[in-house]
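Right, one structure below, let's go through it.
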Amino acid sequence: MPERRTVALVTLGCARNEVDSEELAGRLEADGWDLVEDAADADVAVVNTCGFVEAAKKDSVDALLEANDLKGHGRTQAVVAVGCMAERYGKDLAEALPEADGVLGFDDYADISDRLQTILSGGVHAAHTPRDRRKLLPISPAERQDSAASVALPGHGPAAETPEPAPADLPEGLAPASGPRAPLRRRLDGSPVASVKLASGCDRRCSFCAIPSFRGSFISRRPSDVLNETRWLAEQGVKEIMLVSENNTSYGKDLGDIRLLESLLPELAEVAGLERVRVSYLQPAEMRPGLIDVLTSTPKVVPYFDLSFQHSAPGVLRAMRRFGDTDRFLELLDTIRGKAPEAGVRSNFIVGFPGETEADLAELERFLNGARLDAIGVFGYSDEEGTEAATYENKLDEDVVAERLAHVSRLAEELVSQRAEERVGETVHVLVESVDEEGVYGRGAHQAPETDGQVLLTSGEGLSVGRMVEAKVVGTEGVDLVAEPLDGSLACSEEAGR
């Protein structure tokens, strides 16, 4: 019997890429590949790249080169690039990085097994020529669902008008395709948290962002597919799902109901075994009173607001092709906290945008000081090819951008530490994510995975990963919290595990 082929998936970038990697893993395992964690143990190392900003692109190239260094020293025979950077640059990346044995775009995902086998056998699969994926679907959102069958949409499953029944002999732990666009999926870790893709693409035209050009126009997944995938994840032991897309507030607009998220969230919260439903990637300009109500009042749906503010000075926001200002953003936060005082809020900001004045920077600082955000990401502006902002003439000197980045980053670090201190005395529900000699760590409802800090429990005897513990915040370490489990919380958790 021939030795089975092995493949390792190395994922960089955002949670959307993590979902795409698990879809690729599902397709490959269903076709007979063995998945391994370490690239050194794989015949083929597949690097799921990020193409968002320069630092992320550098990390992707470094990962490809690191995997390439394994060739000739072990089992690894080929290194293949997939993901956003591969889609965005295609043959240009292949020419600039000959160490990669293949550069595959989204159109190759449906045939990923054949592509890797060709490369592993010494063949060549030509890298694609990049194209503007916004032009692949109709301009009108209402017409997109009918046209989507012919477009590769990572995370949306195979393009098929009539779903084929799932094979009866799928490997254990592999999600069956249960709808016309439901993907196969294989979990790549044992985390009690998993992301679920709600939609793909973006119709916004922010002047600094290239993502729509290689991720395409906005298109929603059908609620039944989202629900079925969530049920499967819960059966795999997942306790918290995070809904991801480029813009969750637009969900349903191409399905005839812009309020579809408001009705879907309560259904997801009722999935057996789930403890939490979290929504990420919300646009402030698209927030609706009804959505705020559902996010702040639905049991198991956490009052968590990942709001993409980017700046608060009106002039900078208009140059970014965005909307709002400091006072309107603060009013939005007041509305949210009026309904859920404990709500978690995070956001990202760009400083040094072309034309940003000292007064604009002061306005941003005014917003940050008043916003009481739990987590803040700050980025210095840099040109991204193919974006409108790259053509702007009033660019700031690199040293000015760096100075403003350092200044606002220091302010952000101070402010999130202050916000953490405000939570001392609060009762938090902590989902345990790691238990080892360093302690028991988890996250409260106001903390998303990897980005918003964590909670250290002062006692954790008998706890295991995936347990939910009620605890009182007794201290802070920067953005992180220190919490003491409440009397009976550990006992109840231990009893639940029996």
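Residues are referred to by chain and number: the chain letter is A, B, ... according to the order shown in the structure tokens, the number counts from 1 in that chain, and ligands are numbered separately from 1 in the order shown.
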
- Extract, using only C-alpha atoms, all DNA, RNA and protein residues at most 8 Å from Asp452 (chain A), discarding same-chain residues fewer than 5 positions from it, and format them as JSON, numbers by chain. {"A": [346, 374, 375, 446, 447, 479]}

I need the residues from that last selection saved to file as a PDB file, in the first residue's frame (with C-alpha atoms), if you can.
```pdb
ATOM      1  CA  ARG A 346     -12.341  47.583  20.649  1.00  0.00           C
ATOM      2  CA  ASP A 374     -11.033  47.925  26.089  1.00  0.00           C
ATOM      3  CA  ALA A 375      -8.543  47.328  23.279  1.00  0.00           C
ATOM      4  CA  HIS A 446     -15.452  41.646  26.609  1.00  0.00           C
ATOM      5  CA  GLN A 447     -12.322  39.965  25.225  1.00  0.00           C
ATOM      6  CA  VAL A 479      -4.883  45.195  29.571  1.00  0.00           C
TER       7      VAL A 479
END
```

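Residues of region 221-272 of chain A that DSSP places in strand (DSSP E), based on the backbone of this structure, are Glu240, Ile241, Met242, Leu243 and Val244 of chain A.
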
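Near Asp132 (chain A), within a cut-off of 9 Å and counting only C-alpha atoms, sit the residues Arg88, Pro212, Ser213, Phe214, Arg215 and Gly216 of chain A, with same-chain residues fewer than 5 positions away left out.
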
Please save C-alpha atoms of the selected residues as a CSV table (one decimal), in the first residue's frame.
```
chain,number,residue,atom,x,y,z
A,88,ARG,CA,-3.5,39.5,-4.8
A,212,PRO,CA,-12.2,44.4,-1.7
A,213,SER,CA,-10.0,44.2,-4.9
A,214,PHE,CA,-8.8,40.7,-4.0
A,215,ARG,CA,-11.6,39.5,-1.7
A,216,GLY,CA,-14.4,40.7,-3.9
```

- Residues near region 101-110 of chain A, cut-off 10 Å, only C-alpha atoms, skip fewer than 6 positions along chain, as a ChimeraX atom specification: /A:20,23-24,27-28,44,46-48,68,77-95,116,118-120,122-130,151-154,157-159,214-215

- Task: Find the residues near Arg321 (chain A): any atom within 10 Å, counting only C-alpha atoms, skip ones fewer than 6 places away on the same chain, and give them as a ChimeraX atom specification.
- Result: /A:204-208,315,388-389

- Task: Determine, counting only C-alpha atoms, which protein, DNA and RNA residues have an atom within 10 Å of an atom of region 253-262 of chain A; residues of the same chain fewer than 6 positions away are not included. Present the result as a ChimeraX atom specification.
- Result: /A:140-145,198,218-223,279,288,290-295,298

- Message: I'd like the contact shell of region 367-373 of chain A - 9 Å cut-off, only C-alpha atoms, skipping same-chain residues fewer than 4 positions apart - returned as a PyMOL selection string.
- Response: chain A and resi 311-313+325-327+329-330+333-334+344-347+362-363+411-412+415-416+418-419

- Would you return as JSON, numbers by chain the members of region 205-427 of chain A that DSSP assigns to alpha helix (DSSP H) on this structure's backbone? {"A": [211, 212, 213, 214, 215, 223, 224, 225, 226, 227, 228, 229, 230, 231, 232, 233, 234, 235, 260, 261, 262, 263, 264, 265, 266, 267, 268, 269, 289, 290, 291, 292, 293, 294, 295, 296, 297, 314, 315, 316, 317, 318, 319, 326, 327, 328, 329, 330, 331, 332, 333, 334, 335, 336, 337, 338, 339, 358, 359, 360, 361, 362, 363, 364, 365, 366, 367, 368, 369, 370, 371, 398, 399, 400, 401, 402, 403, 404, 405, 406, 407, 408, 409, 410, 411, 412, 413, 414, 415, 416, 417, 418, 419, 420, 421, 422]}
